[in-house]
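Everything below belongs to target_9.txt, which stores compact mmCIF, C-alpha atoms.
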```txt
# COMPACT_ATOMS: atom_id res chain seq x y z
CA MET A 1 0.28 150.21 81.59
CA SER A 2 -2.17 148.69 84.04
CA ALA A 3 -5.13 149.81 81.96
CA LEU A 4 -4.03 147.50 79.19
CA ASN A 5 -5.53 144.13 78.58
CA PRO A 6 -2.99 141.69 80.06
CA GLU A 7 -3.86 139.07 77.48
CA LEU A 8 -2.88 141.44 74.66
CA ARG A 9 0.32 142.36 76.48
CA ARG A 10 1.18 138.68 76.75
CA GLN A 11 0.52 138.19 73.05
CA VAL A 12 2.72 141.13 72.11
CA ILE A 13 5.59 139.82 74.24
CA ALA A 14 5.15 136.32 72.81
CA ILE A 15 5.30 137.51 69.20
CA TYR A 16 8.27 139.70 70.07
CA LYS A 17 10.10 136.68 71.43
CA GLU A 18 9.23 134.61 68.37
CA LEU A 19 10.49 137.29 66.02
CA LEU A 20 13.64 137.70 68.08
CA ASN A 21 14.32 133.99 67.83
CA LEU A 22 13.70 134.04 64.09
CA GLY A 23 16.02 137.00 63.67
CA ARG A 24 19.05 135.04 64.79
CA ASP A 25 19.51 133.69 61.25
CA TYR A 26 18.64 136.90 59.48
CA PRO A 27 20.78 137.27 56.33
CA GLN A 28 22.07 140.71 57.30
CA GLY A 29 22.86 139.55 60.80
CA PHE A 30 21.18 139.63 64.16
CA ALA A 31 22.83 142.96 64.98
CA TYR A 32 21.00 144.47 62.01
CA PHE A 33 17.70 142.83 62.84
CA ARG A 34 17.39 143.47 66.56
CA PRO A 35 17.43 147.28 66.71
CA ARG A 36 14.93 147.42 63.83
CA LEU A 37 12.58 144.98 65.50
CA HIS A 38 12.88 146.95 68.69
CA LYS A 39 12.11 150.21 66.93
CA ALA A 40 9.12 148.72 65.15
CA PHE A 41 7.62 147.53 68.42
CA MET A 42 8.46 150.73 70.27
CA GLY A 43 6.85 152.73 67.49
CA ASN A 44 3.55 151.06 68.37
CA ALA A 45 3.97 151.36 72.13
CA HIS A 46 1.55 154.31 72.26
CA LEU A 47 -1.39 152.23 70.96
CA ARG A 48 -4.18 152.04 73.52
CA ASP A 49 -7.11 150.98 71.39
CA GLU A 50 -7.56 147.22 71.63
CA GLU A 51 -8.56 146.82 68.01
CA ALA A 52 -5.47 148.77 66.90
CA ILE A 53 -3.26 146.58 69.06
CA ARG A 54 -4.85 143.47 67.60
CA SER A 55 -4.20 144.66 64.07
CA ALA A 56 -0.59 145.43 65.01
CA ILE A 57 -0.24 141.89 66.34
CA ARG A 58 -1.68 140.58 63.07
CA ARG A 59 0.92 142.60 61.23
CA ALA A 60 3.67 141.15 63.39
CA ASP A 61 2.33 137.70 62.56
CA PHE A 62 2.44 138.59 58.88
CA VAL A 63 6.03 139.78 59.19
CA LYS A 64 6.90 136.53 60.92
CA LYS A 65 5.52 134.55 57.99
CA GLU A 66 7.40 136.80 55.57
CA ILE A 67 10.66 136.13 57.37
CA GLU A 68 9.99 132.39 57.30
CA ALA A 69 9.29 132.62 53.58
CA LEU A 70 12.48 134.61 53.13
CA TYR A 71 14.47 131.83 54.76
CA TYR A 72 12.88 129.21 52.53
CA LEU A 73 13.64 131.31 49.48
CA LYS A 74 17.21 131.87 50.55
CA ARG A 75 17.71 128.16 51.03
CA TYR A 76 16.10 127.38 47.70
CA ARG A 77 18.27 129.88 45.87
CA THR A 78 21.44 128.63 47.52
CA LEU A 79 20.68 125.05 46.56
CA ARG A 80 19.73 126.05 43.04
CA LYS A 81 22.95 127.95 42.64
CA ARG A 82 24.93 124.96 43.76
CA TYR A 83 23.21 122.54 41.43
CA ASP A 84 22.63 124.67 38.32
CA GLY A 85 25.30 127.27 38.71
CA VAL A 86 22.82 129.97 37.70
CA MET B 1 26.57 92.87 95.61
CA PHE B 2 30.15 91.80 95.41
CA ARG B 3 30.72 94.07 92.46
CA THR B 4 29.38 97.15 94.23
CA ALA B 5 31.51 96.41 97.25
CA LEU B 6 34.52 96.03 95.04
CA LEU B 7 33.73 99.28 93.26
CA ARG B 8 33.31 101.09 96.53
CA THR B 9 36.66 99.97 97.84
CA ALA B 10 38.27 100.81 94.53
CA VAL B 11 36.76 104.30 94.61
CA SER B 12 37.85 104.97 98.16
CA ALA B 13 41.28 103.59 97.44
CA SER B 14 41.70 105.81 94.43
CA ARG B 15 40.44 108.77 96.44
CA VAL B 16 43.03 108.12 99.11
CA ALA B 17 45.67 107.79 96.44
CA ALA B 18 44.58 110.91 94.60
CA ARG B 19 44.04 113.21 97.53
CA PRO B 20 47.61 113.90 98.64
CA VAL B 21 48.64 114.64 95.09
CA ALA B 22 45.79 117.06 94.55
CA ARG B 23 46.42 118.78 97.83
CA ARG B 24 50.06 119.13 97.03
CA ALA B 25 49.19 120.60 93.64
CA ILE B 26 46.90 123.15 95.28
CA MET B 27 49.55 124.04 97.82
CA SER B 28 52.15 124.64 95.16
CA ALA B 29 49.65 126.63 93.10
CA ARG B 30 48.94 128.82 96.10
CA ALA B 31 52.62 129.43 96.52
CA VAL B 32 53.03 130.52 92.92
CA VAL B 33 49.98 132.65 92.05
CA ALA B 34 48.01 135.30 93.92
CA PRO B 35 44.82 134.09 95.64
CA ALA B 36 42.31 136.04 93.50
CA PRO B 37 42.97 134.49 90.05
CA ARG B 38 43.21 131.05 91.62
CA LEU B 39 39.68 131.46 93.00
CA ALA B 40 38.43 132.61 89.59
CA ALA B 41 39.96 129.57 87.94
CA PHE B 42 38.11 127.25 90.30
CA LYS B 43 34.83 129.09 89.78
CA SER B 44 34.98 128.70 86.02
CA VAL B 45 34.66 124.93 86.36
CA ARG B 46 30.96 124.07 86.41
CA MET B 47 29.81 120.72 87.60
CA TYR B 48 26.86 120.13 85.32
CA SER B 49 25.88 116.83 86.91
CA ALA B 50 25.87 118.17 90.45
CA ALA B 51 22.48 118.88 91.98
CA SER B 52 21.66 122.59 92.03
CA GLY B 53 24.73 123.87 93.78
CA LEU B 54 24.20 127.45 92.68
CA LYS B 55 25.56 130.06 95.03
CA LYS B 56 24.03 133.50 95.24
CA GLU B 57 27.28 135.20 94.26
CA GLU B 58 27.72 132.96 91.24
CA VAL B 59 24.18 133.61 89.98
CA GLU B 60 24.66 137.31 90.53
CA GLY B 61 27.94 137.26 88.67
CA ARG B 62 26.50 135.42 85.70
CA ILE B 63 23.45 137.69 85.46
CA MET B 64 25.62 140.76 85.64
CA GLY B 65 27.83 139.21 82.96
CA ILE B 66 24.77 138.91 80.72
CA LEU B 67 23.95 142.56 81.31
CA GLN B 68 27.53 143.59 80.59
CA GLY B 69 27.27 141.95 77.20
CA PHE B 70 24.04 143.80 76.50
CA ASP B 71 24.71 146.93 74.49
CA LYS B 72 21.56 148.83 75.47
CA VAL B 73 22.60 149.26 79.08
CA ASN B 74 23.16 152.98 79.57
CA ASP B 75 26.32 152.72 81.69
CA PRO B 76 28.13 149.46 82.57
CA SER B 77 29.16 150.92 85.93
CA ASN B 78 25.48 150.98 86.92
CA ILE B 79 25.28 147.19 86.84
CA LYS B 80 25.02 146.26 90.49
CA PRO B 81 23.23 143.42 92.28
CA SER B 82 20.54 145.89 93.36
CA ALA B 83 20.08 147.57 89.96
CA HIS B 84 16.59 147.96 88.53
CA PHE B 85 16.35 147.27 84.79
CA SER B 86 14.33 150.32 83.76
CA ASN B 87 15.14 152.79 86.56
CA ASP B 88 18.89 152.23 86.89
CA LEU B 89 19.97 150.67 83.61
CA GLY B 90 17.74 152.57 81.22
CA LEU B 91 16.18 149.48 79.66
CA ASP B 92 12.61 149.54 78.35
CA SER B 93 10.07 146.74 78.64
CA LEU B 94 11.21 145.05 75.43
CA ASP B 95 14.82 145.08 76.58
CA THR B 96 13.66 143.48 79.81
CA VAL B 97 12.07 140.70 77.76
CA GLU B 98 15.39 140.21 75.98
CA VAL B 99 17.32 140.12 79.24
CA VAL B 100 14.91 137.52 80.64
CA MET B 101 15.36 135.45 77.47
CA ALA B 102 19.13 135.66 77.86
CA ILE B 103 18.80 134.56 81.48
CA GLU B 104 16.63 131.63 80.37
CA GLU B 105 19.36 130.56 77.99
CA GLU B 106 22.20 131.08 80.44
CA PHE B 107 20.63 128.92 83.13
CA SER B 108 18.93 126.54 80.67
CA ILE B 109 15.48 126.92 82.16
CA GLU B 110 12.19 128.19 80.85
CA ILE B 111 10.61 131.07 82.71
CA PRO B 112 6.81 131.14 82.34
CA ASP B 113 5.25 134.43 81.21
CA LYS B 114 3.67 135.28 84.52
CA ASP B 115 6.98 134.88 86.36
CA ALA B 116 8.88 136.72 83.65
CA ASP B 117 6.53 139.68 84.18
CA GLY B 118 7.65 139.91 87.79
CA ILE B 119 11.36 140.20 87.04
CA HIS B 120 12.32 143.86 86.91
CA SER B 121 15.67 143.97 88.65
CA VAL B 122 18.89 142.04 89.04
CA GLY B 123 17.90 141.11 92.59
CA GLN B 124 14.55 139.67 91.51
CA ALA B 125 16.22 137.66 88.75
CA VAL B 126 18.78 136.24 91.18
CA GLU B 127 16.03 135.31 93.63
CA TYR B 128 14.01 133.62 90.92
CA ILE B 129 16.97 131.58 89.69
CA LEU B 130 17.83 130.52 93.22
CA SER B 131 14.23 129.36 93.75
CA GLN B 132 14.39 127.15 90.63
CA PRO B 133 15.84 123.75 91.46
CA ASP B 134 16.69 122.85 87.86
CA ALA B 135 18.57 126.02 87.02
CA ASN B 136 22.21 125.42 86.25
```

Structure encoded using structure tokens:
Amino acid sequence: MSALNPELRRQVIAIYKELLNLGRDYPQGFAYFRPRLHKAFMGNAHLRDEEAIRSAIRRADFVKKEIEALYYLKRYRTLRKRYDGV
Amino acid sequence: MFRTALLRTAVSASRVAARPVARRAIMSARAVVAPAPRLAAFKSVRMYSAASGLKKEEVEGRIMGILQGFDKVNDPSNIKPSAHFSNDLGLDSLDTVEVVMAIEEEFSIEIPDKDADGIHSVGQAVEYILSQPDAN
């Protein structure tokens, strides 16, 4: 643990918190989201190579953007359904 | 000047008027119910405008309440004021982050990353909250 770059550790925790906050409105519920998020992060807990950790953080960032996009899409579809009835 | 004086007398007058009634109510309540639930009822009232009147027991109780609502804790009977998150409760580092977030929400404060890193047990969390003047 101590051998790790503390800056990377901070980044990982920060992105974890952000994803956790985003997950509160997840369509299938927070109870569905949280264990999966946890598992995904724990699955990468063995990474020691800094470059590998950085790429994992980039992936987490990508997932965050995907979730944001999902929320936009969900909102768009809901509104469309209400207006057009399609 | 005159208005404040008037207000002050009005407040003290109302206090004098209200006090015997309140005391009588408490006395009758004591006669009717057992002491333990009465204490709990008083504790559940939080004075949000009062300046940091957090007692150690109250903070401890609320933090342990958070942990009791947390499904990853290995055994609810292990939740004690001295419990360590990873050694006693079986939480990993990510769970600890979640607990600290829940504590942030409960006491409506923001815990900076470097302080959050130092919180590994119920005792440390209680100490940290007690050292924060704007925790409530």

Identify every residue of chain B that has at least one atom within 8 Å of any atom of chain A, counting only C-alpha atoms, and report the result as a CSV table (one decimal) with C-alpha atoms, in the coordinates of the input.
```csv
chain,number,residue,atom,x,y,z
B,94,LEU,CA,11.2,145.0,75.4
B,97,VAL,CA,12.1,140.7,77.8
B,98,GLU,CA,15.4,140.2,76.0
B,113,ASP,CA,5.2,134.4,81.2
```

Point out the residue among A:Arg24, A:Ile53, A:Leu19, A:Arg34 with the least atom-to-atom distance to Glu7 (chain A), counting only C-alpha atoms.
A:Ile53

Distance in Å - CA of Asn5 (chain A) versus CA of Glu50 (chain A):
7.9 Å

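Atom to atom, CA of Leu54 (chain B) and CA of Asn136 (chain B) stand 7.0 Å apart.
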
Selected residue, from A:Ile15, A:Pro6, A:His46, A:Pro27, that lies nearest to Tyr72 (chain A) when counting only C-alpha atoms:
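Between A:Ile15, A:Pro6, A:His46, A:Pro27, the residue approaching Tyr72 (chain A) most closely is A:Pro27.
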
Rounded to one decimal, what separation in Å do you get between CA of Pro81 (chain B) and CA of Gln68 (chain B)?
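Separation of CA of Pro81 (chain B) and CA of Gln68 (chain B): 12.5 Å.
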
Identify the residues around (17.9, 142.1, 96.6) within a radius of 9 Å, measuring from all atoms listed in the file in the coordinates stated by the file, and give them as a ChimeraX atom specification.
/B:81-83,121-124,126-127

Could you check which of A:Gly43, A:Gly85, A:Gly29, A:Gly23 is closest to Val63 (chain A), using only C-alpha atoms?
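Among the listed residues, the smallest separation from Val63 (chain A) belongs to A:Gly23.
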
To test the calculation: enclose all listed atoms of region 85-102 of chain B in a box whose edges run along x, y and z, add 5 Å on each side, then state centre and edge lengths in Å to one decimal, as AutoDock Vina command-line options.
```
--center_x 15.0 --center_y 144.1 --center_z 81.2 --size_x 19.9 --size_y 27.3 --size_z 21.5
```

Which residue of B:Ser86, B:Thr96, B:Asn74, B:Gln132 approaches Glu110 (chain B) most closely, using all atoms listed in the file
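Smallest distance to Glu110 (chain B) is found for B:Gln132.
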
Could you give me, as JSON, numbers by chain, the residues within 12 Å of Asp49 (chain A), counting only C-alpha atoms and dropping anything in the same chain fewer than 3 positions from it?
{"A": [3, 4, 5, 8, 44, 45, 46, 52, 53, 54, 55, 56]}

Which residues, written as number ranges by chain, have at least one atom at most 12 Å from Asp75 (chain B), with only C-alpha atoms counted and residues fewer than 4 positions away on the same chain left out?
B: 67-71, 79-80, 83, 85, 88-91

May I ask you to restore all heavy atoms in region 69-80 of chain A and write the result as an mmCIF file, in the coordinates of the input?
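That gives us rebuild-v4.cif:
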```
data_model
loop_
_atom_site.group_PDB
_atom_site.id
_atom_site.type_symbol
_atom_site.label_atom_id
_atom_site.label_comp_id
_atom_site.auth_asym_id
_atom_site.auth_seq_id
_atom_site.Cartn_x
_atom_site.Cartn_y
_atom_site.Cartn_z
ATOM 1 N N ALA A 69 9.259 132.810 55.025
ATOM 2 C CA ALA A 69 9.290 132.620 53.580
ATOM 3 C C ALA A 69 10.636 133.036 53.007
ATOM 4 O O ALA A 69 11.182 132.385 52.118
ATOM 5 C CB ALA A 69 8.176 133.440 52.930
ATOM 6 N N LEU A 70 11.175 134.132 53.580
ATOM 7 C CA LEU A 70 12.480 134.610 53.130
ATOM 8 C C LEU A 70 13.553 133.538 53.346
ATOM 9 O O LEU A 70 14.395 133.304 52.472
ATOM 10 C CB LEU A 70 12.841 135.876 53.907
ATOM 11 C CG LEU A 70 14.257 136.398 53.729
ATOM 12 C CD1 LEU A 70 14.391 137.097 52.407
ATOM 13 C CD2 LEU A 70 14.631 137.331 54.857
ATOM 14 N N TYR A 71 13.488 132.869 54.495
ATOM 15 C CA TYR A 71 14.470 131.830 54.760
ATOM 16 C C TYR A 71 14.341 130.664 53.782
ATOM 17 O O TYR A 71 15.332 130.128 53.292
ATOM 18 C CB TYR A 71 14.325 131.312 56.197
ATOM 19 C CG TYR A 71 14.773 132.293 57.249
ATOM 20 C CD1 TYR A 71 14.443 132.126 58.570
ATOM 21 C CD2 TYR A 71 15.542 133.390 56.895
ATOM 22 C CE1 TYR A 71 14.846 133.032 59.533
ATOM 23 C CE2 TYR A 71 15.948 134.299 57.840
ATOM 24 C CZ TYR A 71 15.599 134.111 59.158
ATOM 25 O OH TYR A 71 16.006 135.003 60.102
ATOM 26 N N TYR A 72 13.087 130.298 53.497
ATOM 27 C CA TYR A 72 12.880 129.210 52.530
ATOM 28 C C TYR A 72 13.461 129.590 51.169
ATOM 29 O O TYR A 72 14.141 128.806 50.507
ATOM 30 C CB TYR A 72 11.395 128.902 52.386
ATOM 31 C CG TYR A 72 10.881 127.993 53.458
ATOM 32 C CD1 TYR A 72 9.812 128.365 54.253
ATOM 33 C CD2 TYR A 72 11.473 126.748 53.671
ATOM 34 C CE1 TYR A 72 9.345 127.534 55.255
ATOM 35 C CE2 TYR A 72 11.015 125.919 54.663
ATOM 36 C CZ TYR A 72 9.946 126.311 55.448
ATOM 37 O OH TYR A 72 9.503 125.490 56.430
ATOM 38 N N LEU A 73 13.173 130.841 50.781
ATOM 39 C CA LEU A 73 13.640 131.310 49.480
ATOM 40 C C LEU A 73 15.153 131.333 49.425
ATOM 41 O O LEU A 73 15.754 130.910 48.431
ATOM 42 C CB LEU A 73 13.077 132.718 49.261
ATOM 43 C CG LEU A 73 13.066 133.196 47.836
ATOM 44 C CD1 LEU A 73 12.151 132.310 47.012
ATOM 45 C CD2 LEU A 73 12.589 134.633 47.774
ATOM 46 N N LYS A 74 15.755 131.780 50.502
ATOM 47 C CA LYS A 74 17.210 131.870 50.550
ATOM 48 C C LYS A 74 17.826 130.472 50.408
ATOM 49 O O LYS A 74 18.777 130.269 49.653
ATOM 50 C CB LYS A 74 17.634 132.500 51.875
ATOM 51 C CG LYS A 74 19.123 132.806 51.944
ATOM 52 C CD LYS A 74 19.403 133.590 53.192
ATOM 53 C CE LYS A 74 20.802 133.366 53.718
ATOM 54 N NZ LYS A 74 21.857 133.757 52.785
ATOM 55 N N ARG A 75 17.198 129.527 51.098
ATOM 56 C CA ARG A 75 17.710 128.160 51.030
ATOM 57 C C ARG A 75 17.542 127.602 49.613
ATOM 58 O O ARG A 75 18.441 126.982 49.058
ATOM 59 C CB ARG A 75 16.963 127.291 52.037
ATOM 60 C CG ARG A 75 17.701 126.029 52.348
ATOM 61 C CD ARG A 75 17.179 125.401 53.601
ATOM 62 N NE ARG A 75 15.828 124.926 53.437
ATOM 63 C CZ ARG A 75 15.010 124.641 54.437
ATOM 64 N NH1 ARG A 75 15.398 124.823 55.667
ATOM 65 N NH2 ARG A 75 13.814 124.199 54.207
ATOM 66 N N TYR A 76 16.381 127.860 49.059
ATOM 67 C CA TYR A 76 16.100 127.380 47.700
ATOM 68 C C TYR A 76 17.098 127.945 46.708
ATOM 69 O O TYR A 76 17.659 127.229 45.871
ATOM 70 C CB TYR A 76 14.672 127.776 47.332
ATOM 71 C CG TYR A 76 14.332 127.577 45.898
ATOM 72 C CD1 TYR A 76 14.094 126.300 45.393
ATOM 73 C CD2 TYR A 76 14.263 128.660 45.030
ATOM 74 C CE1 TYR A 76 13.791 126.118 44.071
ATOM 75 C CE2 TYR A 76 13.965 128.480 43.702
ATOM 76 C CZ TYR A 76 13.721 127.210 43.220
ATOM 77 O OH TYR A 76 13.429 127.033 41.912
ATOM 78 N N ARG A 77 17.343 129.240 46.814
ATOM 79 C CA ARG A 77 18.270 129.880 45.870
ATOM 80 C C ARG A 77 19.686 129.343 46.022
ATOM 81 O O ARG A 77 20.386 129.136 45.035
ATOM 82 C CB ARG A 77 18.273 131.397 46.106
ATOM 83 C CG ARG A 77 17.084 132.056 45.502
ATOM 84 C CD ARG A 77 17.150 133.530 45.699
ATOM 85 N NE ARG A 77 15.981 134.172 45.112
ATOM 86 C CZ ARG A 77 15.490 135.308 45.548
ATOM 87 N NH1 ARG A 77 16.042 135.922 46.560
ATOM 88 N NH2 ARG A 77 14.445 135.843 44.962
ATOM 89 N N THR A 78 20.084 129.143 47.281
ATOM 90 C CA THR A 78 21.440 128.630 47.520
ATOM 91 C C THR A 78 21.596 127.251 46.894
ATOM 92 O O THR A 78 22.588 126.974 46.198
ATOM 93 C CB THR A 78 21.705 128.542 49.032
ATOM 94 O OG1 THR A 78 21.351 129.787 49.614
ATOM 95 C CG2 THR A 78 23.145 128.263 49.314
ATOM 96 N N LEU A 79 20.583 126.402 47.111
ATOM 97 C CA LEU A 79 20.680 125.050 46.560
ATOM 98 C C LEU A 79 20.678 125.098 45.040
ATOM 99 O O LEU A 79 21.438 124.386 44.378
ATOM 100 C CB LEU A 79 19.494 124.217 47.054
ATOM 101 C CG LEU A 79 19.613 123.757 48.504
ATOM 102 C CD1 LEU A 79 18.355 123.064 48.939
ATOM 103 C CD2 LEU A 79 20.810 122.849 48.682
ATOM 104 N N ARG A 80 19.821 125.948 44.485
ATOM 105 C CA ARG A 80 19.730 126.050 43.040
ATOM 106 C C ARG A 80 21.052 126.499 42.442
ATOM 107 O O ARG A 80 21.508 125.982 41.420
ATOM 108 C CB ARG A 80 18.644 127.072 42.694
ATOM 109 C CG ARG A 80 18.013 126.864 41.351
ATOM 110 C CD ARG A 80 16.936 127.881 41.182
ATOM 111 N NE ARG A 80 17.327 128.765 40.104
ATOM 112 C CZ ARG A 80 16.707 128.752 38.928
ATOM 113 N NH1 ARG A 80 15.675 127.987 38.733
ATOM 114 N NH2 ARG A 80 17.110 129.545 37.965
#
```
